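Right, one structure below, let's go through it.
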Protein chains: 2
Amino acid sequence: MNIERIEAAAARLAGHAVRTPLLNAPLLDAEAGRRIFVKAECLQKTGSFKYRGGRASISALTDAQRARGVIAYSSGNHAQGIACAAREMGTPAVIVMPADAPAVKIANTRALGAEVVTYDRANEDRHEVALPIAESRGLTLIAPFDNKEVIAGQGTVGLEIAEQAGAAGVERADVLVCCGGGGLTSGIALALAARAPGLRVRPVEPEGFDDVTRSLAAGSVQANDRLSGSICDAILTPHPGDLTFPILKAHCGPGIAVSDADALRAMVLAFRRLRIVLEPGGAVALAAALWHRADDADVIVVASGGNVDAPLFRQALEGE
Amino acid sequence: MNIERIEAAAARLAGHAVRTPLLNAPLLDAEAGRRIFVKAECLQKTGSFKYRGGRASISALTDAQRARGVIAYSSGNHAQGIACAAREMGTPAVIVMPADAPAVKIANTRALGAEVVTYDRANEDRHEVALPIAESRGLTLIAPFDNKEVIAGQGTVGLEIAEQAGAAGVERADVLVCCGGGGLTSGIALALAARAPGLRVRPVEPEGFDDVTRSLAAGSVQANDRLSGSICDAILTPHPGDLTFPILKAHCGPGIAVSDADALRAMVLAFRRLRIVLEPGGAVALAAALWHRADDADVIVVASGGNVDAPLFRQALEGE
């Protein structure tokens, strides 16, 4: 993995992916006691950064591979990103999704033209569900994070942050990134190491699912002891990836773990101060910027996704 | 008023106003049966386009005027736009607001450092409340729409639409704009007439408060018979402005009126498909694009604001 691969992905994404804004709100800054800049990837096509990796990986396939089709497993955002990119490029797509994924994510993936196969997150291994289907139909498996072109696609977020932070006069800051398997986090870390070395990435995870935080602290891959039980469904993964962990280890600062309750509170502030819709897993980095800070330095937050069902969003707003 | 004044305002706003994205969502297009491009001004600083006119008008004052201060009357979005721009430029600001404006708008205006004076929207004339305060303190009154620099500032939205629609390959389309007194609508209309003549502006208003629609149909200024009674508080104004109406008459297509219920439904689709937060008055143009269409042509929508109280947003999401 290198910056050239991310630059190449950016060239293939130009005119397709949304260049999402880096938002700032004076009243959010006042409440936080620091300047917070929010890269609003919830505004990306399909509602999360995953479209970038989807388009980057499918556009890197051979014509023959694209004609046969692709398969992916995903709690929902990778699913929609792959489905949307595949439809744009005329590629058949099969998506293996946990049966307990938010209804909006399953419905959207189907509406984007993909074939959805569901599995039981607690008792089945999604890779083992996907593999036989891939083999029997000649589909190319696009892993959600352990894939160089996926990491390169997500890394284009980092190229944009480098430019946008520079334009805003922010030279030194932590960049807090909502982190599951580490595709987005490692891609951004690589891009910033090359283009804005004063910006340091720190992964943010849900409490109880902080495999990356513990792996970074230990210096070796650590696993989560369970795979469900947080509302942050988008970023619950078993352990850091074989490709992503070495990158995270080389470039990232310490991880941060935040509670589900703080993720919900951050969703409310994003609603009120930024007028963006975040899902819990897309709000943990903002929560960390607000309530897990060691100082009042400028901070950049990647708000990674906004695919949340209405009942959960209503619940977050209760009492407001 | 001319395009040069809008270009000059754009130069003064550069580096201060957010260049808001022109969003598109495949699943929204599928539901609408047409391509919809949404200029997300709810992501503007203070949550509405009004910051543009505020910064444009205050930056056009003399140093002596800026030192004495400004006064404005507003249902809330102009208030916040003026308050934020005034604070950035070190200018004292007094804002006259209706007592029944959404609590979030009054609270935010105060938090932005302005002095807030409330009045009774049904029984008092806001201009008559503001004038004696302005005279006694030497404040410059910045009218919410009948002010050339305010119109020029709002017109910068049109300059951006011209560029962004061009980049998306949209040469001919209606541009539906949420319309109160017509500052935003007339500014965009002037900018597009000069920079993208294939894009035609149409004002969108709440049912029962469609003064601009009726004025355009009649060819002369028509007034609303009441000033409250819709949830679209941001765009309830007595009649089109002396400056704005001639511009609207010269450049706009027919107006459209939508119900409060349709504004709420459009807020839900904006939540689900675009992951942006809209207030009812900021959602009427999207409602018109979805449910008041004569054909399946491409359409551009200006989503003008997102300052909505949580209880109303929860209500909009009920049943979802």
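Identifiers in this document derive from the order of the structure tokens: chains are assigned A, B, ..., residues are numbered from 1 separately in each chain, and ligands are numbered from 1 in order of occurrence.
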
For chain A against chain B, which residues fall within 8 Å using only C-alpha atoms, given as number ranges by chain?
-> A: 15, 18-21, 23-27, 42-43, 45-47, 108, 111-112, 168, 271-278, 306-308, 310-311, 314, 317-318, 320

Deliver the residues from the most recent selection as a file, using N, CA and C atoms, as a CSV table (one decimal), in the first residue's frame.
```csv
chain,number,residue,atom,x,y,z
A,15,GLY,N,-15.7,12.7,-10.1
A,15,GLY,CA,-17.0,12.8,-10.8
A,15,GLY,C,-18.0,11.8,-10.4
A,18,VAL,N,-19.0,12.0,-3.9
A,18,VAL,CA,-19.2,13.4,-3.4
A,18,VAL,C,-17.9,13.8,-2.7
A,19,ARG,N,-17.5,15.0,-3.1
A,19,ARG,CA,-16.4,15.6,-2.2
A,19,ARG,C,-17.1,16.2,-1.0
A,20,THR,N,-17.1,15.5,0.1
A,20,THR,CA,-18.0,15.9,1.2
A,20,THR,C,-17.3,17.1,1.9
A,21,PRO,N,-18.2,18.0,2.5
A,21,PRO,CA,-17.6,19.2,3.1
A,21,PRO,C,-17.0,18.9,4.5
A,23,LEU,N,-17.2,20.4,7.8
A,23,LEU,CA,-18.1,21.3,8.5
A,23,LEU,C,-17.5,21.8,9.8
A,24,ASN,N,-17.9,23.0,10.2
A,24,ASN,CA,-17.6,23.6,11.5
A,24,ASN,C,-18.8,24.5,11.9
A,25,ALA,N,-19.0,24.4,13.2
A,25,ALA,CA,-20.2,25.2,13.7
A,25,ALA,C,-19.7,26.0,15.0
A,26,PRO,N,-19.8,27.3,15.0
A,26,PRO,CA,-19.4,28.1,16.1
A,26,PRO,C,-20.0,27.6,17.4
A,27,LEU,N,-21.3,27.2,17.4
A,27,LEU,CA,-22.0,26.8,18.7
A,27,LEU,C,-21.5,25.5,19.1
A,42,CYS,N,-21.3,11.1,5.9
A,42,CYS,CA,-22.7,10.6,5.9
A,42,CYS,C,-23.4,11.2,4.6
A,43,LEU,N,-22.8,12.3,4.0
A,43,LEU,CA,-23.3,12.9,2.8
A,43,LEU,C,-22.8,12.2,1.6
A,45,LYS,N,-22.5,9.4,-1.3
A,45,LYS,CA,-23.4,8.5,-2.0
A,45,LYS,C,-23.6,7.2,-1.2
A,46,THR,N,-24.9,6.8,-1.0
A,46,THR,CA,-25.3,5.7,-0.2
A,46,THR,C,-25.2,5.9,1.3
A,47,GLY,N,-24.8,7.1,1.7
A,47,GLY,CA,-24.8,7.5,3.1
A,47,GLY,C,-23.6,7.1,4.0
A,108,ASN,N,-32.2,-0.9,1.5
A,108,ASN,CA,-31.5,0.0,0.5
A,108,ASN,C,-30.6,-0.9,-0.4
A,111,ALA,N,-32.8,-2.3,-2.9
A,111,ALA,CA,-33.3,-1.3,-3.8
A,111,ALA,C,-32.2,-0.9,-4.8
A,112,LEU,N,-30.9,-1.0,-4.4
A,112,LEU,CA,-29.8,-0.7,-5.3
A,112,LEU,C,-29.5,-1.8,-6.3
A,168,ALA,N,-8.5,25.5,5.8
A,168,ALA,CA,-9.0,26.1,7.0
A,168,ALA,C,-7.9,26.6,8.0
A,271,PHE,N,-27.2,16.6,14.8
A,271,PHE,CA,-28.5,17.0,14.4
A,271,PHE,C,-28.7,18.5,14.6
A,272,ARG,N,-28.4,19.0,15.9
A,272,ARG,CA,-28.7,20.3,16.3
A,272,ARG,C,-27.7,21.4,15.7
A,273,ARG,N,-26.4,21.0,15.7
A,273,ARG,CA,-25.4,22.0,15.4
A,273,ARG,C,-24.9,21.9,13.9
A,274,LEU,N,-25.0,20.7,13.3
A,274,LEU,CA,-24.4,20.5,12.0
A,274,LEU,C,-25.5,20.2,11.0
A,275,ARG,N,-26.7,19.8,11.4
A,275,ARG,CA,-27.8,19.5,10.5
A,275,ARG,C,-27.5,18.3,9.6
A,276,ILE,N,-26.7,17.4,10.2
A,276,ILE,CA,-26.4,16.1,9.5
A,276,ILE,C,-27.0,15.0,10.3
A,277,VAL,N,-27.3,13.9,9.6
A,277,VAL,CA,-27.9,12.7,10.3
A,277,VAL,C,-26.7,11.7,10.4
A,278,LEU,N,-26.5,11.2,11.6
A,278,LEU,CA,-25.4,10.2,11.8
A,278,LEU,C,-26.0,9.0,12.4
A,306,GLY,N,-24.5,7.7,8.0
A,306,GLY,CA,-25.7,8.2,8.5
A,306,GLY,C,-26.9,7.3,8.2
A,307,ASN,N,-26.7,6.0,8.1
A,307,ASN,CA,-27.8,5.0,7.8
A,307,ASN,C,-28.4,4.5,9.0
A,308,VAL,N,-29.3,5.3,9.6
A,308,VAL,CA,-29.9,5.0,10.9
A,308,VAL,C,-31.4,4.9,10.6
A,310,ALA,N,-35.3,5.3,11.5
A,310,ALA,CA,-36.0,6.4,12.2
A,310,ALA,C,-36.3,6.1,13.6
A,311,PRO,N,-36.8,4.9,14.1
A,311,PRO,CA,-37.1,4.7,15.5
A,311,PRO,C,-35.9,5.0,16.4
A,314,ARG,N,-35.3,8.7,16.5
A,314,ARG,CA,-36.3,9.4,17.4
A,314,ARG,C,-35.9,9.2,18.9
A,317,LEU,N,-33.3,11.5,20.0
A,317,LEU,CA,-33.8,12.9,20.2
A,317,LEU,C,-34.8,13.0,21.4
A,318,GLU,N,-35.1,11.9,22.0
A,318,GLU,CA,-36.0,12.0,23.2
A,318,GLU,C,-35.4,12.8,24.3
A,320,GLU,N,-35.1,15.9,24.2
A,320,GLU,CA,-34.5,17.2,23.7
A,320,GLU,C,-35.7,18.2,23.5
```

Interatomic distance between CA of Leu227 in chain A and CA of Pro102 in chain A?
->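 Separation of CA of Leu227 in chain A and CA of Pro102 in chain A: 15.2 Å.
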
Contacts of range 171-174 of chain A at 9 Å or less, counting only C-alpha atoms, minus same-chain residues fewer than 6 places along, as a list in words?
->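 Returned residues: Ala162, Ala165, Ala196, Pro197, Gly198, Leu199, Arg200, Val201, Arg202, Gly253, Ala297, Asp298, Val299, Ile300 and Val301 of chain A.
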
Dump as a PDB file, in the first residue's frame, selection limited to N, CA and C atoms:
```pdb
ATOM      1  N   ALA A 162      -6.713  16.481   3.951  1.00  0.00           N
ATOM      2  CA  ALA A 162      -5.434  17.212   3.878  1.00  0.00           C
ATOM      3  C   ALA A 162      -5.651  18.559   3.196  1.00  0.00           C
ATOM      4  N   ALA A 165      -8.349  20.796   5.432  1.00  0.00           N
ATOM      5  CA  ALA A 165      -7.769  21.289   6.684  1.00  0.00           C
ATOM      6  C   ALA A 165      -6.743  22.379   6.380  1.00  0.00           C
ATOM      7  N   ALA A 196      -0.191  15.362   4.808  1.00  0.00           N
ATOM      8  CA  ALA A 196      -0.384  16.326   5.900  1.00  0.00           C
ATOM      9  C   ALA A 196       0.147  15.716   7.192  1.00  0.00           C
ATOM     10  N   PRO A 197       1.473  15.590   7.294  1.00  0.00           N
ATOM     11  CA  PRO A 197       2.055  14.840   8.416  1.00  0.00           C
ATOM     12  C   PRO A 197       1.782  15.453   9.789  1.00  0.00           C
ATOM     13  N   GLY A 198       1.291  16.699   9.845  1.00  0.00           N
ATOM     14  CA  GLY A 198       0.926  17.279  11.137  1.00  0.00           C
ATOM     15  C   GLY A 198      -0.409  16.770  11.657  1.00  0.00           C
ATOM     16  N   LEU A 199      -1.127  16.014  10.827  1.00  0.00           N
ATOM     17  CA  LEU A 199      -2.430  15.480  11.238  1.00  0.00           C
ATOM     18  C   LEU A 199      -2.250  14.013  11.618  1.00  0.00           C
ATOM     19  N   ARG A 200      -2.598  13.673  12.856  1.00  0.00           N
ATOM     20  CA  ARG A 200      -2.393  12.311  13.366  1.00  0.00           C
ATOM     21  C   ARG A 200      -3.725  11.591  13.559  1.00  0.00           C
ATOM     22  N   VAL A 201      -3.833  10.421  12.976  1.00  0.00           N
ATOM     23  CA  VAL A 201      -5.078   9.644  13.080  1.00  0.00           C
ATOM     24  C   VAL A 201      -5.147   8.896  14.404  1.00  0.00           C
ATOM     25  N   ARG A 202      -6.359   8.915  15.012  1.00  0.00           N
ATOM     26  CA  ARG A 202      -6.634   8.067  16.177  1.00  0.00           C
ATOM     27  C   ARG A 202      -7.948   7.328  15.937  1.00  0.00           C
ATOM     28  N   GLY A 253      -2.095   7.217  16.418  1.00  0.00           N
ATOM     29  CA  GLY A 253      -1.999   7.420  17.848  1.00  0.00           C
ATOM     30  C   GLY A 253      -2.914   6.434  18.566  1.00  0.00           C
ATOM     31  N   ALA A 297      -7.110  21.369  22.018  1.00  0.00           N
ATOM     32  CA  ALA A 297      -6.539  21.553  20.677  1.00  0.00           C
ATOM     33  C   ALA A 297      -7.602  21.324  19.604  1.00  0.00           C
ATOM     34  N   ASP A 298      -7.373  21.935  18.434  1.00  0.00           N
ATOM     35  CA  ASP A 298      -8.228  21.665  17.276  1.00  0.00           C
ATOM     36  C   ASP A 298      -8.299  20.160  17.023  1.00  0.00           C
ATOM     37  N   VAL A 299      -9.457  19.720  16.575  1.00  0.00           N
ATOM     38  CA  VAL A 299      -9.601  18.294  16.267  1.00  0.00           C
ATOM     39  C   VAL A 299     -10.448  18.138  15.008  1.00  0.00           C
ATOM     40  N   ILE A 300     -10.098  17.135  14.223  1.00  0.00           N
ATOM     41  CA  ILE A 300     -10.866  16.793  13.025  1.00  0.00           C
ATOM     42  C   ILE A 300     -11.551  15.459  13.285  1.00  0.00           C
ATOM     43  N   VAL A 301     -12.818  15.379  12.897  1.00  0.00           N
ATOM     44  CA  VAL A 301     -13.624  14.196  13.156  1.00  0.00           C
ATOM     45  C   VAL A 301     -14.146  13.669  11.825  1.00  0.00           C
TER      46      VAL A 301
END
```

Can you work out the spacing between CA of Cys252 in chain B and CA of Val175 in chain B in Å, to one decimal?
->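 Computing the Euclidean distance for CA of Cys252 in chain B and CA of Val175 in chain B yields 9.5 Å.
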
Shell of 7 Å around Val96 in chain B, only C-alpha atoms, local chain residues under 6 positions omitted, as a ChimeraX atom specification = /B:72-74,116-118,130

Would you export the selected residues with C-alpha atoms as a PDB file, in the first residue's frame, please?
```pdb
ATOM      1  CA  ALA B  72     -32.371  43.042  12.209  1.00  0.00           C
ATOM      2  CA  TYR B  73     -35.809  41.479  12.512  1.00  0.00           C
ATOM      3  CA  SER B  74     -36.218  37.826  11.758  1.00  0.00           C
ATOM      4  CA  VAL B 116     -32.629  39.506  21.329  1.00  0.00           C
ATOM      5  CA  VAL B 117     -35.841  41.590  21.604  1.00  0.00           C
ATOM      6  CA  THR B 118     -39.071  39.616  21.145  1.00  0.00           C
ATOM      7  CA  ALA B 130     -36.979  47.728  15.360  1.00  0.00           C
TER       8      ALA B 130
END
```

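Omitting range 9-14 of chain A and its sequence neighbours fewer than 2 positions away, and counting only C-alpha atoms, the residues within 7 Å are Arg5, Ile6, Glu7, His16, Ala17, Arg55, Ala56, Ala152, Gly153 and Thr156 of chain A.
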
As a PDB file with N, CA and C atoms, in the first residue's frame, please: the residues near Val129 in chain B (cut-off 10 Å, only C-alpha atoms, same-chain neighbours under 2 positions excluded).
```pdb
ATOM      1  N   TYR B  73     -34.646  42.236  12.029  1.00  0.00           N
ATOM      2  CA  TYR B  73     -35.809  41.479  12.512  1.00  0.00           C
ATOM      3  C   TYR B  73     -35.897  40.208  11.715  1.00  0.00           C
ATOM      4  N   VAL B  96     -34.611  41.512  16.530  1.00  0.00           N
ATOM      5  CA  VAL B  96     -36.017  41.538  16.913  1.00  0.00           C
ATOM      6  C   VAL B  96     -36.669  40.264  16.377  1.00  0.00           C
ATOM      7  N   MET B  97     -37.136  39.403  17.282  1.00  0.00           N
ATOM      8  CA  MET B  97     -37.648  38.086  16.879  1.00  0.00           C
ATOM      9  C   MET B  97     -39.070  37.879  17.384  1.00  0.00           C
ATOM     10  N   VAL B 117     -34.620  40.913  21.161  1.00  0.00           N
ATOM     11  CA  VAL B 117     -35.841  41.590  21.604  1.00  0.00           C
ATOM     12  C   VAL B 117     -37.013  40.860  20.941  1.00  0.00           C
ATOM     13  N   THR B 118     -37.971  40.381  21.747  1.00  0.00           N
ATOM     14  CA  THR B 118     -39.071  39.616  21.145  1.00  0.00           C
ATOM     15  C   THR B 118     -40.312  40.494  20.944  1.00  0.00           C
ATOM     16  N   TYR B 119     -41.186  40.078  20.001  1.00  0.00           N
ATOM     17  CA  TYR B 119     -42.442  40.786  19.739  1.00  0.00           C
ATOM     18  C   TYR B 119     -43.522  39.774  19.392  1.00  0.00           C
ATOM     19  N   GLU B 124     -48.055  42.820  16.308  1.00  0.00           N
ATOM     20  CA  GLU B 124     -47.092  43.920  16.207  1.00  0.00           C
ATOM     21  C   GLU B 124     -46.385  43.881  14.860  1.00  0.00           C
ATOM     22  N   ASP B 125     -45.968  45.055  14.375  1.00  0.00           N
ATOM     23  CA  ASP B 125     -45.189  45.137  13.136  1.00  0.00           C
ATOM     24  C   ASP B 125     -43.711  45.179  13.513  1.00  0.00           C
ATOM     25  N   ARG B 126     -42.961  44.205  13.016  1.00  0.00           N
ATOM     26  CA  ARG B 126     -41.569  44.083  13.451  1.00  0.00           C
ATOM     27  C   ARG B 126     -40.743  45.302  13.053  1.00  0.00           C
ATOM     28  N   HIS B 127     -41.073  45.874  11.921  1.00  0.00           N
ATOM     29  CA  HIS B 127     -40.329  47.056  11.483  1.00  0.00           C
ATOM     30  C   HIS B 127     -40.514  48.185  12.486  1.00  0.00           C
ATOM     31  N   LEU B 131     -37.400  49.981  14.540  1.00  0.00           N
ATOM     32  CA  LEU B 131     -36.966  51.321  14.120  1.00  0.00           C
ATOM     33  C   LEU B 131     -36.530  52.234  15.273  1.00  0.00           C
ATOM     34  N   PRO B 132     -37.340  52.343  16.358  1.00  0.00           N
ATOM     35  CA  PRO B 132     -36.904  53.235  17.441  1.00  0.00           C
ATOM     36  C   PRO B 132     -35.596  52.793  18.096  1.00  0.00           C
ATOM     37  N   ILE B 133     -35.387  51.474  18.197  1.00  0.00           N
ATOM     38  CA  ILE B 133     -34.128  50.974  18.775  1.00  0.00           C
ATOM     39  C   ILE B 133     -32.964  51.377  17.875  1.00  0.00           C
ATOM     40  N   ALA B 134     -33.156  51.212  16.567  1.00  0.00           N
ATOM     41  CA  ALA B 134     -32.104  51.561  15.608  1.00  0.00           C
ATOM     42  C   ALA B 134     -31.754  53.043  15.720  1.00  0.00           C
TER      43      ALA B 134
END
```
